[in-house]
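Have a look at coords_24.csv; it's CSV, C-alpha atoms:
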chain,number,residue,atom,x,y,z
A,26,MET,CA,86.5,92.0,101.7
A,27,ALA,CA,86.1,93.7,105.1
A,28,HIS,CA,89.2,94.5,107.0
A,29,LEU,CA,88.0,92.6,110.1
A,30,ASN,CA,88.3,95.5,112.6
A,31,ARG,CA,91.7,96.6,111.2
A,32,LEU,CA,93.3,93.3,112.0
A,33,ILE,CA,93.7,91.9,108.5
A,34,LEU,CA,94.6,94.4,105.7
A,35,GLY,CA,95.8,92.0,103.0
A,36,TYR,CA,98.9,92.5,100.9
A,37,PRO,CA,100.2,96.0,99.8
A,38,ASP,CA,98.4,95.6,96.5
A,39,GLY,CA,95.1,95.2,98.3
A,40,THR,CA,94.7,91.5,97.6
A,41,PHE,CA,94.2,88.6,100.0
A,42,LYS,CA,95.7,85.2,99.4
A,43,PRO,CA,93.5,82.7,101.4
A,44,SER,CA,95.3,79.7,100.0
A,45,GLY,CA,98.8,81.1,100.7
A,46,THR,CA,101.0,79.9,103.5
A,47,LEU,CA,101.0,82.1,106.7
A,48,THR,CA,104.5,82.9,107.9
A,49,ARG,CA,105.5,83.2,111.5
A,50,ALA,CA,105.9,87.0,111.1
A,51,GLN,CA,102.4,87.4,109.6
A,52,PHE,CA,100.9,85.4,112.4
A,53,SER,CA,102.8,87.5,115.0
A,54,VAL,CA,101.5,90.7,113.5
A,55,PHE,CA,97.9,89.3,113.6
A,56,LEU,CA,98.3,88.2,117.2
A,57,ALA,CA,99.7,91.6,118.3
A,58,LYS,CA,96.9,93.4,116.6
A,59,ALA,CA,94.3,91.1,118.1
A,60,SER,CA,95.7,91.6,121.6
A,61,ASN,CA,96.6,95.3,121.6
A,62,ASP,CA,94.7,98.1,119.9
A,63,ASP,CA,98.0,100.1,119.5
A,64,TYR,CA,99.1,97.6,116.8
A,65,LYS,CA,95.9,98.0,114.8
A,66,THR,CA,96.2,100.5,112.0
A,67,PHE,CA,94.4,103.6,110.7
A,68,THR,CA,94.5,105.0,107.2
A,69,PHE,CA,96.2,108.4,106.8
A,70,SER,CA,95.0,109.8,103.5
A,71,ASN,CA,94.3,112.9,101.4
A,72,GLN,CA,91.5,112.6,99.0
A,73,ASP,CA,92.5,115.7,96.9
A,74,TYR,CA,95.9,114.3,96.2
A,75,LYS,CA,94.8,110.6,96.1
A,76,PHE,CA,97.3,109.1,98.5
A,77,SER,CA,96.9,106.9,101.5
A,78,MET,CA,99.0,104.8,103.9
A,79,GLU,CA,98.4,102.5,106.8
A,80,LEU,CA,99.9,103.6,110.1
A,81,PRO,CA,99.8,101.9,113.5
A,82,ASN,CA,97.2,103.3,115.9
A,83,TYR,CA,99.9,104.4,118.5
A,84,MET,CA,101.0,107.1,116.0
A,85,THR,CA,97.8,109.0,116.5
A,86,SER,CA,99.0,110.2,119.9
A,87,GLN,CA,102.8,110.2,119.2
A,88,VAL,CA,102.9,112.0,115.9
A,89,ILE,CA,101.7,115.4,115.0
A,90,PHE,CA,100.3,115.5,111.4
A,91,GLU,CA,100.5,119.0,109.8
A,92,ASP,CA,98.4,118.7,106.6
A,93,GLY,CA,98.4,121.2,103.7
A,94,VAL,CA,101.5,123.3,104.5
A,95,GLY,CA,102.7,125.6,101.8
A,96,MET,CA,99.8,125.0,99.4
A,97,THR,CA,99.1,128.7,98.8
A,98,GLU,CA,102.6,130.1,98.6
A,99,ASP,CA,104.2,127.8,96.1
A,100,ARG,CA,101.5,125.4,95.0
A,101,VAL,CA,103.4,122.5,96.6
A,102,PHE,CA,101.2,120.5,99.0
A,103,SER,CA,103.1,119.2,102.0
A,104,VAL,CA,102.3,117.1,105.0
A,105,ASN,CA,104.8,117.4,107.8
A,106,PHE,CA,105.2,114.9,110.7
A,107,TYR,CA,106.6,115.7,114.1
A,108,TYR,CA,107.2,113.5,117.2
A,109,ASN,CA,104.8,114.6,119.8
A,110,ASN,CA,107.2,114.8,122.7
A,111,THR,CA,109.0,117.9,124.0
A,112,ALA,CA,110.6,116.4,127.1
A,113,TYR,CA,114.2,116.3,126.0
A,114,LEU,CA,114.5,118.9,123.3
A,115,GLY,CA,111.8,121.4,124.3
A,116,VAL,CA,110.3,121.2,120.8
A,117,GLU,CA,108.5,118.5,118.8
A,118,PRO,CA,111.3,117.0,116.7
A,119,TYR,CA,110.7,116.9,112.9
A,120,ILE,CA,110.3,113.4,111.5
A,121,GLY,CA,109.7,113.9,107.8
A,122,SER,CA,107.4,115.2,105.1
A,123,ILE,CA,105.5,114.2,102.0
A,124,HIS,CA,105.7,116.8,99.2
A,125,ILE,CA,103.4,116.7,96.3
A,126,ILE,CA,104.7,118.9,93.5
A,127,PRO,CA,102.7,119.8,90.4
A,128,ALA,CA,104.4,118.4,87.2
A,129,SER,CA,104.5,122.0,85.8
A,130,LEU,CA,106.9,123.0,88.7
A,131,TRP,CA,109.1,119.9,88.6
A,132,ASP,CA,111.8,121.1,86.2
A,133,GLY,CA,114.4,122.8,88.4
A,134,TYR,CA,112.4,122.4,91.6
A,135,PHE,CA,113.6,118.9,92.4
A,136,ASP,CA,117.3,119.9,91.7
A,137,THR,CA,117.4,122.2,94.7
A,138,ALA,CA,115.3,120.1,97.2
A,139,PRO,CA,116.6,117.2,99.3
A,140,TYR,CA,113.7,114.9,98.3
A,141,ASP,CA,113.4,111.2,97.5
A,142,LEU,CA,111.1,110.7,94.6
A,143,ILE,CA,108.4,108.2,95.4
A,144,LYS,CA,106.2,108.2,92.3
A,145,LYS,CA,104.8,110.4,89.6
A,146,ALA,CA,101.0,110.1,89.2
A,147,ASN,CA,98.0,112.3,88.6
A,148,ASN,CA,100.2,115.0,87.1
A,149,TYR,CA,102.1,115.3,90.4
A,150,TYR,CA,105.4,114.2,91.7
A,151,TYR,CA,105.2,112.6,95.2
A,152,CYS,CA,108.3,113.0,97.2
A,153,TYR,CA,109.6,112.1,100.7
A,154,GLN,CA,111.9,114.4,102.7
A,155,GLY,CA,113.5,113.0,105.9
A,156,GLN,CA,115.2,115.0,108.7
A,157,SER,CA,118.6,116.3,107.8
A,158,GLU,CA,120.1,115.0,111.0
A,159,ASP,CA,119.0,113.1,114.1
A,160,PRO,CA,117.6,115.7,116.5
A,161,TYR,CA,119.2,113.8,119.4
A,162,TYR,CA,122.7,114.0,118.0
A,163,PRO,CA,125.5,114.7,119.1
A,164,ASN,CA,124.2,114.2,122.6
A,165,ARG,CA,122.2,111.2,121.5
A,166,SER,CA,121.4,109.0,124.4
A,167,ASN,CA,119.9,105.6,124.6
A,168,SER,CA,117.0,107.2,126.4
A,169,ARG,CA,113.5,105.7,125.8
A,170,GLU,CA,112.5,109.0,124.1
A,171,ALA,CA,115.4,108.8,121.5
A,172,GLN,CA,114.7,105.1,120.9
A,173,THR,CA,110.9,105.8,120.4
A,174,TYR,CA,111.6,108.7,118.1
A,175,MET,CA,113.8,106.5,115.9
A,176,GLN,CA,111.3,103.6,115.8
A,177,ILE,CA,108.5,106.1,114.8
A,178,HIS,CA,110.8,107.7,112.2
A,179,ASP,CA,111.7,104.4,110.6
A,180,ARG,CA,108.2,103.1,110.6
A,181,LEU,CA,106.8,106.4,109.1
A,182,GLU,CA,109.5,106.5,106.5
A,183,ARG,CA,108.7,103.0,105.3
A,184,ALA,CA,105.0,103.8,105.2
A,185,ILE,CA,105.6,107.0,103.2
A,186,LYS,CA,107.9,105.3,100.7
A,187,SER,CA,105.3,102.6,100.1
A,188,MET,CA,102.2,104.7,100.3
A,189,LYS,CA,99.4,104.0,97.9
A,190,ILE,CA,98.7,106.6,95.2
A,191,ASN,CA,95.5,106.2,93.2
Step by step, read the file and then write its structure as structure tokens.
Amino acid sequence: MAHLNRLILGYPDGTFKPSGTLTRAQFSVFLAKASNDDYKTFTFSNQDYKFSMELPNYMTSQVIFEDGVGMTEDRVFSVNFYYNNTAYLGVEPYIGSIHIIPASLWDGYFDTAPYDLIKKANNYYYCYQGQSEDPYYPNRSNSREAQTYMQIHDRLERAIKSMKIN
């Protein structure tokens, strides 16, 4: 089934339930996507490592995607995410990473790394690593920048932890 211009994506397992009951939250998401392109989604994926996740369009301008970090030095594939705003800190704050570790390196590797295991598939371990601390702490303000950073961080973390691995 077509995704109707990125408005309707179906359930996380890729199915649609046309006879199911539509909730108020589901209708609100549909209405937001229909009225504002920022709420539509794009697929962030890597074909070599067979993962994908749906992210809101607004992240294309607010998040820096650094793909393929570390592949040659330790055979661990990493995707790093940074908030694309240097106004307060002078640097793009780190949001999180996806690490894809070959099963042959797993023993001992995971013990020393601050990763959350997402799934093992395709002879790889897929892990999430979040920031070690809020970059706006201890001088955390209720600024729009700090609030936007946390919203992006939380949304990205949920997407990573529920990403599809083929």
From CA of Ser168 in chain A to CA of Met84 in chain A the spacing works out at 19.1 Å
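For the choices A:Phe76, A:Tyr174, A:Tyr150, A:Tyr134, the atom-to-atom distance to Tyr113 in chain A is smallest for A:Tyr174 when using all atoms listed in the file.
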Pick the closest to Phe69 in chain A from A:Ala184, A:Asn191, A:Ala146, A:Asn167: which is it, counting all atoms listed in the file? A:Ala184
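CA of Ser129 in chain A to CA of Gly93 in chain A spans 18.9 Å [interatomic distance, one decimal].
Candidate residues A:Thr85, A:Thr66, A:Ser122, A:Ser103 were compared for distance to Tyr153 in chain A, and the nearest is A:Ser122, using all atoms listed in the file.
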If you count all atoms listed in the file, which residues fall within 12 Å of range 155-164 of chain A, apart from same-chain ones fewer than 2 positions away, as a ChimeraX atom specification? /A:104-108,111-124,138-142,152-153,166-175,178-179,181-183,185-186
Can those selected residues be exported to a file as a JSON list (two decimals), in the coordinates of the input so that it contains C-alpha atoms?
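So selection_5.json came out as:
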[["chain", "number", "residue", "atom", "x", "y", "z"],
["A", 104, "VAL", "CA", 102.30, 117.10, 105.00],
["A", 105, "ASN", "CA", 104.80, 117.40, 107.80],
["A", 106, "PHE", "CA", 105.20, 114.90, 110.70],
["A", 107, "TYR", "CA", 106.60, 115.70, 114.10],
["A", 108, "TYR", "CA", 107.20, 113.50, 117.20],
["A", 111, "THR", "CA", 109.00, 117.90, 124.00],
["A", 112, "ALA", "CA", 110.60, 116.40, 127.10],
["A", 113, "TYR", "CA", 114.20, 116.30, 126.00],
["A", 114, "LEU", "CA", 114.50, 118.90, 123.30],
["A", 115, "GLY", "CA", 111.80, 121.40, 124.30],
["A", 116, "VAL", "CA", 110.30, 121.20, 120.80],
["A", 117, "GLU", "CA", 108.50, 118.50, 118.80],
["A", 118, "PRO", "CA", 111.30, 117.00, 116.70],
["A", 119, "TYR", "CA", 110.70, 116.90, 112.90],
["A", 120, "ILE", "CA", 110.30, 113.40, 111.50],
["A", 121, "GLY", "CA", 109.70, 113.90, 107.80],
["A", 122, "SER", "CA", 107.40, 115.20, 105.10],
["A", 123, "ILE", "CA", 105.50, 114.20, 102.00],
["A", 124, "HIS", "CA", 105.70, 116.80, 99.20],
["A", 138, "ALA", "CA", 115.30, 120.10, 97.20],
["A", 139, "PRO", "CA", 116.60, 117.20, 99.30],
["A", 140, "TYR", "CA", 113.70, 114.90, 98.30],
["A", 141, "ASP", "CA", 113.40, 111.20, 97.50],
["A", 142, "LEU", "CA", 111.10, 110.70, 94.60],
["A", 152, "CYS", "CA", 108.30, 113.00, 97.20],
["A", 153, "TYR", "CA", 109.60, 112.10, 100.70],
["A", 166, "SER", "CA", 121.40, 109.00, 124.40],
["A", 167, "ASN", "CA", 119.90, 105.60, 124.60],
["A", 168, "SER", "CA", 117.00, 107.20, 126.40],
["A", 169, "ARG", "CA", 113.50, 105.70, 125.80],
["A", 170, "GLU", "CA", 112.50, 109.00, 124.10],
["A", 171, "ALA", "CA", 115.40, 108.80, 121.50],
["A", 172, "GLN", "CA", 114.70, 105.10, 120.90],
["A", 173, "THR", "CA", 110.90, 105.80, 120.40],
["A", 174, "TYR", "CA", 111.60, 108.70, 118.10],
["A", 175, "MET", "CA", 113.80, 106.50, 115.90],
["A", 178, "HIS", "CA", 110.80, 107.70, 112.20],
["A", 179, "ASP", "CA", 111.70, 104.40, 110.60],
["A", 181, "LEU", "CA", 106.80, 106.40, 109.10],
["A", 182, "GLU", "CA", 109.50, 106.50, 106.50],
["A", 183, "ARG", "CA", 108.70, 103.00, 105.30],
["A", 185, "ILE", "CA", 105.60, 107.00, 103.20],
["A", 186, "LYS", "CA", 107.90, 105.30, 100.70]]
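Straight-line separation from CA of Gly133 in chain A to CA of Arg100 in chain A: 14.7 Å.
By all atoms listed in the file, and with residues fewer than 5 positions from Lys75 in chain A along its chain excluded, the set lying at most 9 Å from it is Ser70, Asn147, Lys189, Ile190 and Asn191 of chain A.
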Write to file, as a PDB file, in the coordinates of the input, the residues of the selection just made, with C-alpha atoms.
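The result, written out as out.pdb:
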ATOM      1  CA  SER A  70      95.000 109.800 103.500  1.00  0.00           C
ATOM      2  CA  ASN A 147      98.000 112.300  88.600  1.00  0.00           C
ATOM      3  CA  LYS A 189      99.400 104.000  97.900  1.00  0.00           C
ATOM      4  CA  ILE A 190      98.700 106.600  95.200  1.00  0.00           C
ATOM      5  CA  ASN A 191      95.500 106.200  93.200  1.00  0.00           C
TER       6      ASN A 191
END
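With all atoms listed in the file as the atoms that count, the minimum distance from Asn110 in chain A to the choices A:Arg180, A:Val88, A:Ala128, A:Gln72 is reached by A:Val88.
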Rank A:Asp132, A:Phe102, A:Leu47, A:Ile177 by their smallest atom-to-atom distance to Asn82 in chain A, using all atoms listed in the file, and report the top residue only. A:Ile177
